[in-house]
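Source file: work_38.txt; contents: compact mmCIF, N, CA and C atoms.
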# COMPACT_ATOMS: atom_id res chain seq x y z
N MET H 72 324.33 44.53 99.30
CA MET H 72 323.61 45.71 98.83
C MET H 72 322.19 45.31 98.47
N ALA H 73 321.24 46.12 98.87
CA ALA H 73 319.84 45.82 98.62
C ALA H 73 319.46 46.15 97.18
N ILE H 74 318.52 45.39 96.68
CA ILE H 74 318.02 45.66 95.34
C ILE H 74 317.16 46.92 95.36
N ASN H 75 316.36 47.07 96.42
CA ASN H 75 315.55 48.28 96.58
C ASN H 75 315.45 48.59 98.07
N LYS H 76 314.78 49.68 98.41
CA LYS H 76 314.68 50.13 99.79
C LYS H 76 313.78 49.23 100.63
N ASN H 77 313.02 48.34 100.02
CA ASN H 77 312.13 47.49 100.78
C ASN H 77 312.82 46.26 101.34
N HIS H 78 314.01 45.95 100.87
CA HIS H 78 314.70 44.77 101.37
C HIS H 78 316.17 45.10 101.57
N GLU H 79 316.46 45.77 102.68
CA GLU H 79 317.83 46.13 103.00
C GLU H 79 318.42 45.12 103.96
N PHE H 80 319.70 44.90 103.85
CA PHE H 80 320.39 44.05 104.80
C PHE H 80 321.79 44.59 104.99
N GLU H 81 322.32 44.35 106.18
CA GLU H 81 323.67 44.79 106.50
C GLU H 81 324.16 44.03 107.73
N ASP H 82 325.42 44.24 108.08
CA ASP H 82 325.98 43.62 109.27
C ASP H 82 325.64 44.48 110.48
N LEU H 83 324.93 43.91 111.43
CA LEU H 83 324.61 44.58 112.69
C LEU H 83 325.31 43.80 113.79
N ASP H 84 326.23 44.43 114.48
CA ASP H 84 327.04 43.77 115.50
C ASP H 84 327.76 42.53 114.95
N GLY H 85 328.18 42.60 113.70
CA GLY H 85 328.92 41.51 113.09
C GLY H 85 328.06 40.36 112.60
N ILE H 86 326.73 40.53 112.60
CA ILE H 86 325.81 39.48 112.16
C ILE H 86 325.07 39.99 110.93
N LYS H 87 325.05 39.19 109.86
CA LYS H 87 324.33 39.57 108.64
C LYS H 87 322.83 39.56 108.96
N CYS H 88 322.16 40.70 108.78
CA CYS H 88 320.75 40.84 109.15
C CYS H 88 319.97 41.55 108.05
N ALA H 89 318.69 41.20 107.98
CA ALA H 89 317.74 41.97 107.17
C ALA H 89 317.27 43.11 108.06
N VAL H 90 317.36 44.34 107.57
CA VAL H 90 316.96 45.50 108.36
C VAL H 90 315.44 45.61 108.33
N VAL H 91 314.83 45.63 109.52
CA VAL H 91 313.38 45.76 109.63
C VAL H 91 313.02 47.23 109.56
N GLU H 92 313.57 48.04 110.45
CA GLU H 92 313.36 49.49 110.44
C GLU H 92 314.57 50.18 111.04
N ARG H 93 314.76 51.43 110.63
CA ARG H 93 315.84 52.27 111.15
C ARG H 93 315.23 53.42 111.94
N ASN H 94 316.05 54.03 112.78
CA ASN H 94 315.68 55.21 113.57
C ASN H 94 314.41 54.97 114.38
N LEU H 95 314.40 53.89 115.12
CA LEU H 95 313.25 53.54 115.95
C LEU H 95 313.36 54.18 117.33
N SER H 96 312.24 54.65 117.84
CA SER H 96 312.19 55.12 119.22
C SER H 96 312.21 53.89 120.13
N PRO H 97 312.56 54.05 121.40
CA PRO H 97 312.56 52.89 122.30
C PRO H 97 311.21 52.18 122.39
N ALA H 98 310.10 52.92 122.37
CA ALA H 98 308.78 52.31 122.46
C ALA H 98 308.47 51.49 121.21
N ARG H 99 308.76 52.03 120.04
CA ARG H 99 308.52 51.32 118.78
C ARG H 99 309.43 50.09 118.71
N LEU H 100 310.66 50.24 119.14
CA LEU H 100 311.60 49.13 119.16
C LEU H 100 311.06 47.99 120.01
N GLN H 101 310.57 48.30 121.19
CA GLN H 101 310.05 47.26 122.08
C GLN H 101 308.87 46.53 121.44
N PHE H 102 307.96 47.29 120.81
CA PHE H 102 306.79 46.69 120.15
C PHE H 102 307.21 45.72 119.05
N LEU H 103 308.08 46.17 118.14
CA LEU H 103 308.48 45.33 117.02
C LEU H 103 309.33 44.15 117.47
N LYS H 104 310.20 44.37 118.43
CA LYS H 104 311.06 43.29 118.91
C LYS H 104 310.22 42.17 119.51
N GLU H 105 309.25 42.52 120.34
CA GLU H 105 308.37 41.50 120.94
C GLU H 105 307.57 40.76 119.87
N LEU H 106 307.04 41.50 118.91
CA LEU H 106 306.24 40.90 117.84
C LEU H 106 307.08 39.92 117.01
N LEU H 107 308.27 40.33 116.63
CA LEU H 107 309.12 39.48 115.79
C LEU H 107 309.64 38.26 116.56
N GLU H 108 309.99 38.45 117.82
CA GLU H 108 310.47 37.32 118.60
C GLU H 108 309.35 36.33 118.87
N TYR H 109 308.12 36.81 119.03
CA TYR H 109 306.99 35.90 119.18
C TYR H 109 306.80 35.05 117.92
N ASN H 110 307.14 35.62 116.77
CA ASN H 110 307.02 34.91 115.50
C ASN H 110 308.31 34.16 115.14
N HIS H 111 309.14 33.89 116.13
CA HIS H 111 310.33 33.05 116.02
C HIS H 111 311.45 33.64 115.16
N TYR H 112 311.57 34.96 115.15
CA TYR H 112 312.70 35.60 114.48
C TYR H 112 313.71 36.01 115.55
N THR H 113 314.98 35.86 115.25
CA THR H 113 316.03 36.32 116.15
C THR H 113 316.35 37.76 115.78
N THR H 114 316.22 38.66 116.75
CA THR H 114 316.39 40.09 116.47
C THR H 114 317.76 40.57 116.93
N VAL H 115 318.24 41.60 116.25
CA VAL H 115 319.50 42.25 116.60
C VAL H 115 319.21 43.75 116.63
N VAL H 116 319.61 44.40 117.73
CA VAL H 116 319.36 45.83 117.90
C VAL H 116 320.70 46.54 118.05
N VAL H 117 320.87 47.62 117.30
CA VAL H 117 322.05 48.48 117.43
C VAL H 117 321.58 49.93 117.47
N ALA H 118 322.39 50.77 118.08
CA ALA H 118 322.08 52.19 118.11
C ALA H 118 322.30 52.78 116.72
N SER H 119 321.36 53.61 116.28
CA SER H 119 321.51 54.28 114.98
C SER H 119 322.50 55.42 115.14
N PRO H 120 323.26 55.72 114.09
CA PRO H 120 324.17 56.85 114.19
C PRO H 120 323.38 58.15 114.35
N PRO H 121 323.93 59.11 115.09
CA PRO H 121 323.20 60.37 115.25
C PRO H 121 323.04 61.09 113.92
N PRO H 122 321.95 61.86 113.77
CA PRO H 122 321.77 62.59 112.51
C PRO H 122 322.87 63.62 112.33
N LYS H 123 323.17 63.90 111.08
CA LYS H 123 324.22 64.87 110.78
C LYS H 123 323.76 66.27 111.18
N ALA H 124 324.64 67.01 111.83
CA ALA H 124 324.32 68.37 112.26
C ALA H 124 324.51 69.32 111.09
N ALA H 125 323.72 70.37 111.09
CA ALA H 125 323.84 71.38 110.04
C ALA H 125 325.16 72.13 110.22
N ALA H 126 325.77 72.48 109.13
CA ALA H 126 327.03 73.22 109.18
C ALA H 126 326.78 74.63 109.72
N PRO H 127 327.67 75.14 110.59
CA PRO H 127 327.48 76.50 111.11
C PRO H 127 327.63 77.52 110.00
N LYS H 128 326.87 78.60 110.11
CA LYS H 128 326.93 79.65 109.10
C LYS H 128 328.20 80.47 109.32
N PRO H 129 328.88 80.85 108.25
CA PRO H 129 330.09 81.66 108.42
C PRO H 129 329.71 83.07 108.87
N ALA H 130 330.59 83.68 109.64
CA ALA H 130 330.35 85.04 110.14
C ALA H 130 330.48 86.03 108.99
N ALA H 131 329.69 87.09 109.05
CA ALA H 131 329.73 88.12 108.02
C ALA H 131 331.04 88.89 108.15
N PRO H 132 331.64 89.27 107.03
CA PRO H 132 332.90 90.01 107.10
C PRO H 132 332.67 91.40 107.72
N VAL H 133 333.66 91.85 108.48
CA VAL H 133 333.57 93.15 109.15
C VAL H 133 334.35 94.16 108.32
N ALA H 134 333.72 95.32 108.04
CA ALA H 134 334.38 96.37 107.25
C ALA H 134 335.49 97.00 108.09
N GLU H 135 336.54 97.50 107.39
CA GLU H 135 337.65 98.12 108.11
C GLU H 135 337.17 99.37 108.81
N GLY H 136 337.66 99.57 110.00
CA GLY H 136 337.32 100.76 110.76
C GLY H 136 336.00 100.64 111.51
N ALA H 137 335.23 99.62 111.25
CA ALA H 137 333.95 99.45 111.96
C ALA H 137 334.23 98.85 113.33
N ALA H 138 333.36 99.21 114.25
CA ALA H 138 333.51 98.68 115.61
C ALA H 138 333.21 97.19 115.60
N HIS H 139 334.00 96.48 116.34
CA HIS H 139 333.79 95.04 116.42
C HIS H 139 332.66 94.75 117.39
N GLU H 140 331.69 94.04 116.91
CA GLU H 140 330.58 93.63 117.78
C GLU H 140 330.92 92.29 118.40
N PRO H 141 330.36 92.03 119.59
CA PRO H 141 330.62 90.72 120.19
C PRO H 141 330.00 89.62 119.34
N ALA H 142 330.63 88.48 119.40
CA ALA H 142 330.14 87.34 118.62
C ALA H 142 328.75 86.94 119.10
N PRO H 143 327.87 86.60 118.17
CA PRO H 143 326.52 86.20 118.58
C PRO H 143 326.58 84.91 119.41
N VAL H 144 325.67 84.83 120.35
CA VAL H 144 325.61 83.66 121.20
C VAL H 144 324.88 82.55 120.43
N VAL H 145 325.52 81.41 120.32
CA VAL H 145 324.94 80.29 119.60
C VAL H 145 324.21 79.42 120.62
N ALA H 146 322.92 79.22 120.37
CA ALA H 146 322.14 78.37 121.27
C ALA H 146 322.53 76.92 121.05
N GLU H 147 322.70 76.20 122.14
CA GLU H 147 323.05 74.79 122.03
C GLU H 147 321.83 74.00 121.60
N THR H 148 322.06 73.10 120.69
CA THR H 148 320.95 72.25 120.26
C THR H 148 320.76 71.15 121.29
N PRO H 149 319.51 70.79 121.54
CA PRO H 149 319.29 69.71 122.50
C PRO H 149 319.84 68.40 121.96
N PRO H 150 320.22 67.49 122.83
CA PRO H 150 320.76 66.23 122.34
C PRO H 150 319.71 65.46 121.54
N ALA H 151 320.17 64.80 120.52
CA ALA H 151 319.25 64.05 119.66
C ALA H 151 318.69 62.87 120.46
N PRO H 152 317.44 62.52 120.19
CA PRO H 152 316.88 61.36 120.90
C PRO H 152 317.63 60.09 120.50
N GLU H 153 317.70 59.16 121.42
CA GLU H 153 318.40 57.92 121.12
C GLU H 153 317.53 57.06 120.21
N LEU H 154 318.07 56.72 119.07
CA LEU H 154 317.34 55.93 118.08
C LEU H 154 318.07 54.62 117.81
N PHE H 155 317.31 53.63 117.32
CA PHE H 155 317.85 52.30 117.14
C PHE H 155 317.54 51.76 115.75
N THR H 156 318.34 50.78 115.33
CA THR H 156 318.09 50.04 114.11
C THR H 156 317.79 48.60 114.52
N LEU H 157 316.70 48.04 113.96
CA LEU H 157 316.29 46.69 114.29
C LEU H 157 316.47 45.81 113.06
N GLY H 158 317.08 44.66 113.27
CA GLY H 158 317.26 43.70 112.19
C GLY H 158 316.92 42.31 112.67
N VAL H 159 316.70 41.41 111.74
CA VAL H 159 316.49 40.00 112.06
C VAL H 159 317.56 39.19 111.34
N THR H 160 317.94 38.06 111.95
CA THR H 160 319.03 37.27 111.39
C THR H 160 318.63 36.51 110.13
N ASP H 161 317.34 36.40 109.87
CA ASP H 161 316.87 35.76 108.64
C ASP H 161 317.00 36.79 107.51
N ALA H 162 318.03 36.65 106.69
CA ALA H 162 318.31 37.64 105.65
C ALA H 162 317.23 37.71 104.58
N THR H 163 316.34 36.72 104.53
CA THR H 163 315.26 36.74 103.53
C THR H 163 314.03 37.49 104.04
N PHE H 164 314.05 37.94 105.30
CA PHE H 164 312.88 38.62 105.87
C PHE H 164 312.66 39.96 105.19
N ASN H 165 311.44 40.23 104.87
CA ASN H 165 311.02 41.51 104.29
C ASN H 165 309.74 41.90 105.00
N ALA H 166 309.74 43.03 105.69
CA ALA H 166 308.59 43.44 106.49
C ALA H 166 307.34 43.62 105.63
N THR H 167 307.48 44.17 104.44
CA THR H 167 306.33 44.37 103.57
C THR H 167 305.70 43.04 103.19
N ASN H 168 306.53 42.09 102.77
CA ASN H 168 306.02 40.77 102.42
C ASN H 168 305.42 40.05 103.62
N ALA H 169 306.02 40.22 104.79
CA ALA H 169 305.52 39.54 105.99
C ALA H 169 304.14 40.06 106.38
N VAL H 170 303.91 41.37 106.27
CA VAL H 170 302.61 41.94 106.65
C VAL H 170 301.56 41.62 105.59
N PHE H 171 301.85 41.91 104.33
CA PHE H 171 300.85 41.69 103.29
C PHE H 171 300.68 40.21 102.94
N GLY H 172 301.69 39.40 103.22
CA GLY H 172 301.57 37.97 103.02
C GLY H 172 300.91 37.27 104.20
N ARG H 173 300.54 38.03 105.22
CA ARG H 173 299.84 37.53 106.40
C ARG H 173 300.65 36.44 107.10
N LEU H 174 301.97 36.68 107.20
CA LEU H 174 302.86 35.69 107.79
C LEU H 174 303.09 35.88 109.29
N LEU H 175 302.75 37.05 109.83
CA LEU H 175 302.98 37.34 111.23
C LEU H 175 301.69 37.23 112.03
N LYS H 176 301.81 36.76 113.26
CA LYS H 176 300.65 36.63 114.15
C LYS H 176 300.90 37.43 115.42
N THR H 177 299.82 37.91 116.03
CA THR H 177 299.92 38.58 117.32
C THR H 177 299.89 37.53 118.42
N ARG H 178 300.10 37.94 119.65
CA ARG H 178 300.04 37.00 120.78
C ARG H 178 298.65 36.41 120.96
N THR H 179 297.63 37.10 120.48
CA THR H 179 296.27 36.60 120.60
C THR H 179 295.88 35.70 119.44
N GLY H 180 296.79 35.48 118.50
CA GLY H 180 296.53 34.57 117.39
C GLY H 180 295.96 35.22 116.15
N HIS H 181 295.78 36.54 116.15
CA HIS H 181 295.27 37.24 114.97
C HIS H 181 296.41 37.54 114.00
N VAL H 182 296.07 37.68 112.75
CA VAL H 182 297.04 38.04 111.73
C VAL H 182 297.40 39.52 111.89
N VAL H 183 298.68 39.84 111.76
CA VAL H 183 299.13 41.23 111.87
C VAL H 183 298.71 41.99 110.62
N THR H 184 297.97 43.07 110.82
CA THR H 184 297.54 43.92 109.71
C THR H 184 298.49 45.10 109.59
N LEU H 185 298.37 45.84 108.50
CA LEU H 185 299.22 47.01 108.30
C LEU H 185 298.99 48.05 109.39
N ALA H 186 297.74 48.27 109.76
CA ALA H 186 297.44 49.25 110.82
C ALA H 186 298.05 48.81 112.15
N TYR H 187 298.02 47.54 112.44
CA TYR H 187 298.61 47.03 113.68
C TYR H 187 300.13 47.18 113.62
N TRP H 188 300.74 46.87 112.49
CA TRP H 188 302.19 47.00 112.32
C TRP H 188 302.64 48.44 112.57
N HIS H 189 301.85 49.40 112.06
CA HIS H 189 302.19 50.81 112.24
C HIS H 189 301.67 51.37 113.56
N GLN H 190 301.11 50.53 114.40
CA GLN H 190 300.59 50.87 115.72
C GLN H 190 299.47 51.92 115.65
N LYS H 191 298.66 51.85 114.61
CA LYS H 191 297.49 52.72 114.51
C LYS H 191 296.30 52.07 115.18
N GLU H 192 296.35 50.74 115.35
CA GLU H 192 295.31 50.00 116.06
C GLU H 192 295.97 49.23 117.18
N ALA H 193 295.32 49.21 118.35
CA ALA H 193 295.87 48.47 119.49
C ALA H 193 295.64 46.97 119.34
N VAL H 194 294.59 46.59 118.61
CA VAL H 194 294.25 45.19 118.41
C VAL H 194 294.18 44.95 116.91
N SER H 195 294.80 43.87 116.47
CA SER H 195 294.79 43.55 115.04
C SER H 195 293.40 43.04 114.65
N GLN H 196 292.78 43.72 113.71
CA GLN H 196 291.48 43.31 113.20
C GLN H 196 291.72 42.31 112.09
N ASP H 197 291.45 41.06 112.36
CA ASP H 197 291.72 39.99 111.42
C ASP H 197 290.76 40.09 110.24
N GLU H 198 291.19 40.79 109.20
CA GLU H 198 290.33 41.02 108.04
C GLU H 198 290.45 39.85 107.06
N VAL H 199 289.38 39.58 106.38
CA VAL H 199 289.41 38.59 105.32
C VAL H 199 290.02 39.27 104.09
N PRO H 200 291.00 38.65 103.45
CA PRO H 200 291.59 39.28 102.27
C PRO H 200 290.54 39.57 101.21
N TYR H 201 290.76 40.59 100.39
CA TYR H 201 289.81 41.01 99.40
C TYR H 201 289.45 39.88 98.43
N PHE H 202 290.41 39.01 98.16
CA PHE H 202 290.16 37.94 97.19
C PHE H 202 289.34 36.78 97.76
N GLN H 203 289.11 36.76 99.07
CA GLN H 203 288.29 35.72 99.67
C GLN H 203 286.91 36.21 100.08
N LYS H 204 286.64 37.50 99.93
CA LYS H 204 285.34 38.04 100.31
C LYS H 204 284.27 37.59 99.31
N ASN H 205 283.11 37.30 99.82
CA ASN H 205 281.99 36.95 98.95
C ASN H 205 281.34 38.25 98.47
N ALA H 206 281.12 38.37 97.21
CA ALA H 206 280.58 39.61 96.65
C ALA H 206 279.10 39.73 96.87

Would you give me this structure, written as structure tokens?
Amino acid sequence: MAINKNHEFEDLDGIKCAVVERNLSPARLQFLKELLEYNHYTTVVVASPPPKAAAPKPAAPVAEGAAHEPAPVVAETPPAPELFTLGVTDATFNATNAVFGRLLKTRTGHVVTLAYWHQKEAVSQDEVPYFQKNA
């Protein structure tokens, strides 16, 4: 059991793993998997359980003697997108600590920034930490 939501771990395919992210799209999964494997982490991927469907609304009661109306047509919901859970076998891994601790590197040798981790930037801008900047 995790102490908080930032460091979750569970058994994925029978292997004790630190959960990196849940409900990942295939594109996000590919990005994170490549990044983590480049940084020498062993990754485990499992399909996330489908989201819970909303309970159907009960039909309104029909008064006696009233004409029975045909049942309303229920529109089928589109199938849920396939989502994945990504974990690493190093149970001490914490994504927040890895990004802010500047522990991960890109293939080009730059430090992974928060914007790069969230895929807001295509290239990691290797920033100097605030505590090392000259005032």

task = Pick out the residues sitting within 7 Å of Val170 in chain H, and hand them over as an MDAnalysis selection string; count all atoms listed in the file, and ignore anything fewer than 5 positions along from it in its own chain.
result = chainID H and resid 165 175 183:185

inquiry  = Ranking H:His78, H:Asp84, H:Ser195, H:Thr114 by minimum distance to Val182 in chain H and counting all atoms listed in the file, which one comes first?
reply    =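 Looking at the shortest contact to Val182 in chain H, the residue is H:Ser195.
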
task = Pick out the closest residue to Leu154 in chain H from this set: H:Gly85, H:Pro121, H:Gly172, H:Gly180. Count all atoms listed in the file.
result =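 Using all atoms listed in the file, Leu154 in chain H sits closest to H:Pro121.
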
query = Suppose you want the space between atom C of Val117 in chain H and atom C of Thr156 in chain H; what is it in Å?
reply =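 Distance between the two atoms: 5.0 Å.
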
inquiry  = If I take atom N of Glu108 in chain H and CA of Val159 in chain H, how far is one from the other in Å, to one decimal?
reply    =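 We find that atom N of Glu108 in chain H and CA of Val159 in chain H lie 8.8 Å from each other.
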
Exercise: Val90 in chain H partners within 5 Å, only N, CA and C atoms, chain neighbours under 2 positions left out, as a list of chain:residue names =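 The residues that qualify are H:Glu79, H:Phe80, H:Cys88, H:Glu92, H:Leu157, H:Gly158.
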
Scan for residues within 7 Å of the point (320.1, 37.6, 108.5) in the coordinates of the file, using all atoms listed in the file, and reply as an mmCIF file with N, CA and C atoms, keeping the file's coordinate frame.
data_model
loop_
_atom_site.group_PDB
_atom_site.id
_atom_site.type_symbol
_atom_site.label_atom_id
_atom_site.label_comp_id
_atom_site.auth_asym_id
_atom_site.auth_seq_id
_atom_site.Cartn_x
_atom_site.Cartn_y
_atom_site.Cartn_z
ATOM 1 N N ILE H 86 326.730 40.530 112.600
ATOM 2 C CA ILE H 86 325.810 39.480 112.160
ATOM 3 C C ILE H 86 325.070 39.990 110.930
ATOM 4 N N LYS H 87 325.050 39.190 109.860
ATOM 5 C CA LYS H 87 324.330 39.570 108.640
ATOM 6 C C LYS H 87 322.830 39.560 108.960
ATOM 7 N N CYS H 88 322.160 40.700 108.780
ATOM 8 C CA CYS H 88 320.750 40.840 109.150
ATOM 9 C C CYS H 88 319.970 41.550 108.050
ATOM 10 N N ALA H 89 318.690 41.200 107.980
ATOM 11 C CA ALA H 89 317.740 41.970 107.170
ATOM 12 C C ALA H 89 317.270 43.110 108.060
ATOM 13 N N VAL H 159 316.700 41.410 111.740
ATOM 14 C CA VAL H 159 316.490 40.000 112.060
ATOM 15 C C VAL H 159 317.560 39.190 111.340
ATOM 16 N N THR H 160 317.940 38.060 111.950
ATOM 17 C CA THR H 160 319.030 37.270 111.390
ATOM 18 C C THR H 160 318.630 36.510 110.130
ATOM 19 N N ASP H 161 317.340 36.400 109.870
ATOM 20 C CA ASP H 161 316.870 35.760 108.640
ATOM 21 C C ASP H 161 317.000 36.790 107.510
ATOM 22 N N ALA H 162 318.030 36.650 106.690
ATOM 23 C CA ALA H 162 318.310 37.640 105.650
ATOM 24 C C ALA H 162 317.230 37.710 104.580
ATOM 25 N N THR H 163 316.340 36.720 104.530
ATOM 26 C CA THR H 163 315.260 36.740 103.530
ATOM 27 C C THR H 163 314.030 37.490 104.040
ATOM 28 N N PHE H 164 314.050 37.940 105.300
ATOM 29 C CA PHE H 164 312.880 38.620 105.870
ATOM 30 C C PHE H 164 312.660 39.960 105.190
#

ask   = Out of H:Ala193, H:Pro97, H:Ser119, H:Val91, which residue has the shortest atom-to-atom distance to Ala169 in chain H when counting only C-alpha atoms?
value = H:Val91

query = What is the distance, in Å and to one decimal place, between CA of Glu81 in chain H and CA of Pro120 in chain H?
reply = 14.3 Å
